[in-house]
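So this one's run27.pdb, PDB, C-alpha atoms:
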ATOM      1  CA  MET A1407      70.751 271.661 158.008  1.00  0.00           C
ATOM      2  CA  ASN A1408      67.036 272.095 158.636  1.00  0.00           C
ATOM      3  CA  ARG A1409      65.089 269.690 160.808  1.00  0.00           C
ATOM      4  CA  CYS A1410      61.401 269.338 161.576  1.00  0.00           C
ATOM      5  CA  LEU A1411      59.766 268.672 164.928  1.00  0.00           C
ATOM      6  CA  HIS A1412      56.286 267.721 166.054  1.00  0.00           C
ATOM      7  CA  ILE A1413      55.568 269.413 169.399  1.00  0.00           C
ATOM      8  CA  THR A1414      52.545 268.886 171.638  1.00  0.00           C
ATOM      9  CA  VAL A1415      52.040 271.365 174.471  1.00  0.00           C
ATOM     10  CA  ARG A1416      49.714 270.359 177.311  1.00  0.00           C
ATOM     11  CA  GLY A1417      48.178 272.314 180.153  1.00  0.00           C
ATOM     12  CA  ARG A1418      46.229 275.558 180.134  1.00  0.00           C
ATOM     13  CA  VAL A1419      47.285 276.477 176.616  1.00  0.00           C
ATOM     14  CA  GLN A1420      44.032 277.283 174.829  1.00  0.00           C
ATOM     15  CA  GLY A1421      42.277 280.611 175.267  1.00  0.00           C
ATOM     16  CA  VAL A1422      45.530 282.329 176.338  1.00  0.00           C
ATOM     17  CA  SER A1423      46.844 283.432 172.888  1.00  0.00           C
ATOM     18  CA  PHE A1424      49.332 280.542 172.818  1.00  0.00           C
ATOM     19  CA  ARG A1425      49.013 280.107 169.041  1.00  0.00           C
ATOM     20  CA  PHE A1426      49.507 283.811 168.349  1.00  0.00           C
ATOM     21  CA  HIS A1427      52.608 284.016 170.544  1.00  0.00           C
ATOM     22  CA  THR A1428      53.988 280.776 169.087  1.00  0.00           C
ATOM     23  CA  GLN A1429      53.680 282.273 165.619  1.00  0.00           C
ATOM     24  CA  LYS A1430      55.536 285.414 166.761  1.00  0.00           C
ATOM     25  CA  GLN A1431      58.362 283.302 168.252  1.00  0.00           C
ATOM     26  CA  ALA A1432      58.602 281.125 165.149  1.00  0.00           C
ATOM     27  CA  ILE A1433      58.798 284.095 162.798  1.00  0.00           C
ATOM     28  CA  LYS A1434      61.446 285.711 165.004  1.00  0.00           C
ATOM     29  CA  LEU A1435      63.471 282.465 164.870  1.00  0.00           C
ATOM     30  CA  ASN A1436      62.940 281.954 161.100  1.00  0.00           C
ATOM     31  CA  ILE A1437      61.006 278.728 161.670  1.00  0.00           C
ATOM     32  CA  ARG A1438      58.461 277.469 159.157  1.00  0.00           C
ATOM     33  CA  GLY A1439      55.384 275.399 159.941  1.00  0.00           C
ATOM     34  CA  PHE A1440      52.103 275.737 161.783  1.00  0.00           C
ATOM     35  CA  VAL A1441      50.397 275.772 165.162  1.00  0.00           C
ATOM     36  CA  ARG A1442      46.840 274.670 165.946  1.00  0.00           C
ATOM     37  CA  ASN A1443      44.541 273.787 168.812  1.00  0.00           C
ATOM     38  CA  LEU A1444      43.611 270.139 169.321  1.00  0.00           C
ATOM     39  CA  ALA A1445      40.203 268.929 170.491  1.00  0.00           C
ATOM     40  CA  GLU A1446      41.721 267.520 173.726  1.00  0.00           C
ATOM     41  CA  GLY A1447      42.805 271.007 174.823  1.00  0.00           C
ATOM     42  CA  ASP A1448      46.449 270.682 173.739  1.00  0.00           C
ATOM     43  CA  VAL A1449      48.328 272.774 171.188  1.00  0.00           C
ATOM     44  CA  GLU A1450      50.100 271.074 168.275  1.00  0.00           C
ATOM     45  CA  ILE A1451      53.119 272.613 166.563  1.00  0.00           C
ATOM     46  CA  VAL A1452      54.949 271.419 163.476  1.00  0.00           C
ATOM     47  CA  ALA A1453      58.173 273.403 163.192  1.00  0.00           C
ATOM     48  CA  CYS A1454      60.950 273.254 160.590  1.00  0.00           C
ATOM     49  CA  GLY A1455      64.212 275.177 160.844  1.00  0.00           C
ATOM     50  CA  GLU A1456      67.776 275.240 162.064  1.00  0.00           C
ATOM     51  CA  PRO A1457      68.418 272.994 165.112  1.00  0.00           C
ATOM     52  CA  GLY A1458      69.422 275.910 167.360  1.00  0.00           C
ATOM     53  CA  ALA A1459      66.272 277.850 166.494  1.00  0.00           C
ATOM     54  CA  LEU A1460      64.124 274.784 167.117  1.00  0.00           C
ATOM     55  CA  GLN A1461      65.749 274.338 170.539  1.00  0.00           C
ATOM     56  CA  GLN A1462      64.882 277.945 171.377  1.00  0.00           C
ATOM     57  CA  LEU A1463      61.255 277.423 170.321  1.00  0.00           C
ATOM     58  CA  VAL A1464      60.983 274.247 172.421  1.00  0.00           C
ATOM     59  CA  ALA A1465      62.465 276.072 175.422  1.00  0.00           C
ATOM     60  CA  TRP A1466      59.915 278.876 174.965  1.00  0.00           C
ATOM     61  CA  CYS A1467      57.071 276.316 174.775  1.00  0.00           C
ATOM     62  CA  HIS A1468      57.809 275.220 178.353  1.00  0.00           C
ATOM     63  CA  SER A1469      56.463 278.549 179.606  1.00  0.00           C
ATOM     64  CA  GLY A1470      54.584 280.105 176.680  1.00  0.00           C
ATOM     65  CA  PRO A1471      52.811 283.453 177.064  1.00  0.00           C
ATOM     66  CA  THR A1472      52.187 284.821 180.555  1.00  0.00           C
ATOM     67  CA  PRO A1473      48.610 283.480 181.098  1.00  0.00           C
ATOM     68  CA  ALA A1474      49.534 279.936 179.963  1.00  0.00           C
ATOM     69  CA  ARG A1475      50.215 277.121 182.430  1.00  0.00           C
ATOM     70  CA  VAL A1476      52.220 274.460 180.619  1.00  0.00           C
ATOM     71  CA  SER A1477      52.202 271.015 182.221  1.00  0.00           C
ATOM     72  CA  ALA A1478      54.102 269.093 179.509  1.00  0.00           C
ATOM     73  CA  VAL A1479      55.931 269.590 176.230  1.00  0.00           C
ATOM     74  CA  ILE A1480      56.289 266.472 174.081  1.00  0.00           C
ATOM     75  CA  VAL A1481      58.812 266.727 171.241  1.00  0.00           C
ATOM     76  CA  ASN A1482      59.301 264.205 168.440  1.00  0.00           C
ATOM     77  CA  PRO A1483      61.246 264.375 165.165  1.00  0.00           C
ATOM     78  CA  ASN A1484      58.968 264.906 162.177  1.00  0.00           C
ATOM     79  CA  PRO A1485      60.781 264.093 158.930  1.00  0.00           C
ATOM     80  CA  HIS A1486      57.515 263.993 156.944  1.00  0.00           C
ATOM     81  CA  HIS A1487      57.178 267.786 156.797  1.00  0.00           C
ATOM     82  CA  GLY A1488      60.657 268.643 155.515  1.00  0.00           C
ATOM     83  CA  GLY A1489      59.719 270.633 152.415  1.00  0.00           C
ATOM     84  CA  GLU A1490      56.041 271.324 152.957  1.00  0.00           C
ATOM     85  CA  PHE A1491      56.419 274.801 154.468  1.00  0.00           C
ATOM     86  CA  LEU A1492      58.304 277.045 152.130  1.00  0.00           C
ATOM     87  CA  ASN A1493      56.885 280.359 153.297  1.00  0.00           C
ATOM     88  CA  GLY A1494      56.255 281.304 156.874  1.00  0.00           C
ATOM     89  CA  PHE A1495      54.526 279.984 159.924  1.00  0.00           C
ATOM     90  CA  GLU A1496      50.752 279.840 160.090  1.00  0.00           C
ATOM     91  CA  ILE A1497      48.015 279.531 162.667  1.00  0.00           C
ATOM     92  CA  ARG A1498      45.504 276.863 161.727  1.00  0.00           C
TER      93      ARG A1498
END

For the structure just supplied, provide its representation as structure tokens.
Amino acid sequence: MNRCLHITVRGRVQGVSFRFHTQKQAIKLNIRGFVRNLAEGDVEIVACGEPGALQQLVAWCHSGPTPARVSAVIVNPNPHHGGEFLNGFEIR
């Protein structure tokens, strides 16, 4: 059964290819959704997929790509995006 999560990643996560690497991880894990930078300097992720795959993505978010310095990962259920992403994972 697919679930959707809203993930906010804080720290030094912009300007370090975090969105690009998140997209690569999501595609590898067959997760649908999007990633985007927020004005405050955080990265926002909406991810929909199998619970095990989502857990792997969240675990990856705690470190991110090598130049990133993650200080916090905030995860909340996001039932509002259940069917919105039928094809792929995009960078916004």

_Surrounding residues of His1412 in chain A excluding itself and chain neighbours under 3 positions, 7 Å, only C-alpha atoms, as a list of chain:residue names_ =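 Residues meeting the cut-off are A:Ile1451, A:Val1452, A:Ala1453, A:Val1481, A:Asn1482, A:Pro1483, A:Asn1484.
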
*Run the PyMOL selection byres ((chain A and resi 1476) around 6) mentally over the shown coordinates, then write out the matched residues as a PyMOL selection string, using the chain letters and numbers from the document.*
chain A and resi 1416-1417+1469+1475+1477-1478

Any chance you could export the current selection's C-alpha atoms as a JSON list (two decimals), keeping the file's coordinate frame?
[["chain", "number", "residue", "atom", "x", "y", "z"],
["A", 1416, "ARG", "CA", 49.71, 270.36, 177.31],
["A", 1417, "GLY", "CA", 48.18, 272.31, 180.15],
["A", 1469, "SER", "CA", 56.46, 278.55, 179.61],
["A", 1475, "ARG", "CA", 50.22, 277.12, 182.43],
["A", 1477, "SER", "CA", 52.20, 271.02, 182.22],
["A", 1478, "ALA", "CA", 54.10, 269.09, 179.51]]

*Which residue out of A:Arg1498, A:Cys1454, A:Thr1428, A:Phe1440 has the minimum interatomic distance to Trp1466 in chain A when all atoms listed in the file are used?*
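Nearest candidate to Trp1466 in chain A out of A:Arg1498, A:Cys1454, A:Thr1428, A:Phe1440: A:Thr1428.
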
*Minimum-distance residue to Lys1430 in chain A, chosen among A:Asn1443, A:Pro1471, A:Asn1493, A:Glu1456 (using all atoms listed in the file)*: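 Checking each candidate against Lys1430 in chain A, we get A:Pro1471 as the closest.
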
Specify as a tab-separated table (two decimals) with C-alpha atoms, in the frame of the given file each residue included when the PyMOL selection byres ((chain A and resi 1419-1422) around 12) is applied to this file.
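Result file follows (expr.tsv):
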chain	number	residue	atom	x	y	z
A	1414	THR	CA	52.54	268.89	171.64
A	1415	VAL	CA	52.04	271.36	174.47
A	1416	ARG	CA	49.71	270.36	177.31
A	1417	GLY	CA	48.18	272.31	180.15
A	1418	ARG	CA	46.23	275.56	180.13
A	1423	SER	CA	46.84	283.43	172.89
A	1424	PHE	CA	49.33	280.54	172.82
A	1425	ARG	CA	49.01	280.11	169.04
A	1426	PHE	CA	49.51	283.81	168.35
A	1427	HIS	CA	52.61	284.02	170.54
A	1428	THR	CA	53.99	280.78	169.09
A	1441	VAL	CA	50.40	275.77	165.16
A	1442	ARG	CA	46.84	274.67	165.95
A	1443	ASN	CA	44.54	273.79	168.81
A	1444	LEU	CA	43.61	270.14	169.32
A	1445	ALA	CA	40.20	268.93	170.49
A	1446	GLU	CA	41.72	267.52	173.73
A	1447	GLY	CA	42.80	271.01	174.82
A	1448	ASP	CA	46.45	270.68	173.74
A	1449	VAL	CA	48.33	272.77	171.19
A	1450	GLU	CA	50.10	271.07	168.28
A	1467	CYS	CA	57.07	276.32	174.78
A	1468	HIS	CA	57.81	275.22	178.35
A	1469	SER	CA	56.46	278.55	179.61
A	1470	GLY	CA	54.58	280.10	176.68
A	1471	PRO	CA	52.81	283.45	177.06
A	1472	THR	CA	52.19	284.82	180.56
A	1473	PRO	CA	48.61	283.48	181.10
A	1474	ALA	CA	49.53	279.94	179.96
A	1475	ARG	CA	50.22	277.12	182.43
A	1476	VAL	CA	52.22	274.46	180.62
A	1477	SER	CA	52.20	271.02	182.22
A	1478	ALA	CA	54.10	269.09	179.51
A	1479	VAL	CA	55.93	269.59	176.23

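Relative to CA of Glu1496 in chain A, CA of Ile1433 in chain A is found at 9.5 Å.
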
_Taking 4 positions as the minimum chain separation for residues in the same chain, which residues sit within 9 Å of Gly1455 in chain A when counting only C-alpha atoms? Answer as a ChimeraX atom specification._
/A:1407-1411,1435-1439,1459-1460

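Nearest to Lys1434 in chain A of all the residues A:Pro1457, A:Ile1497, A:Ile1480, A:Gln1462 is A:Gln1462, counting all atoms listed in the file.
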
Axis-aligned box over every listed atom of range 1415-1423 of chain A, padded by 8 Å per side: centre and edges in Å to one decimal, as JSON?
{"center_x": 47.2, "center_y": 276.9, "center_z": 176.5, "size_x": 25.8, "size_y": 29.1, "size_z": 23.3}
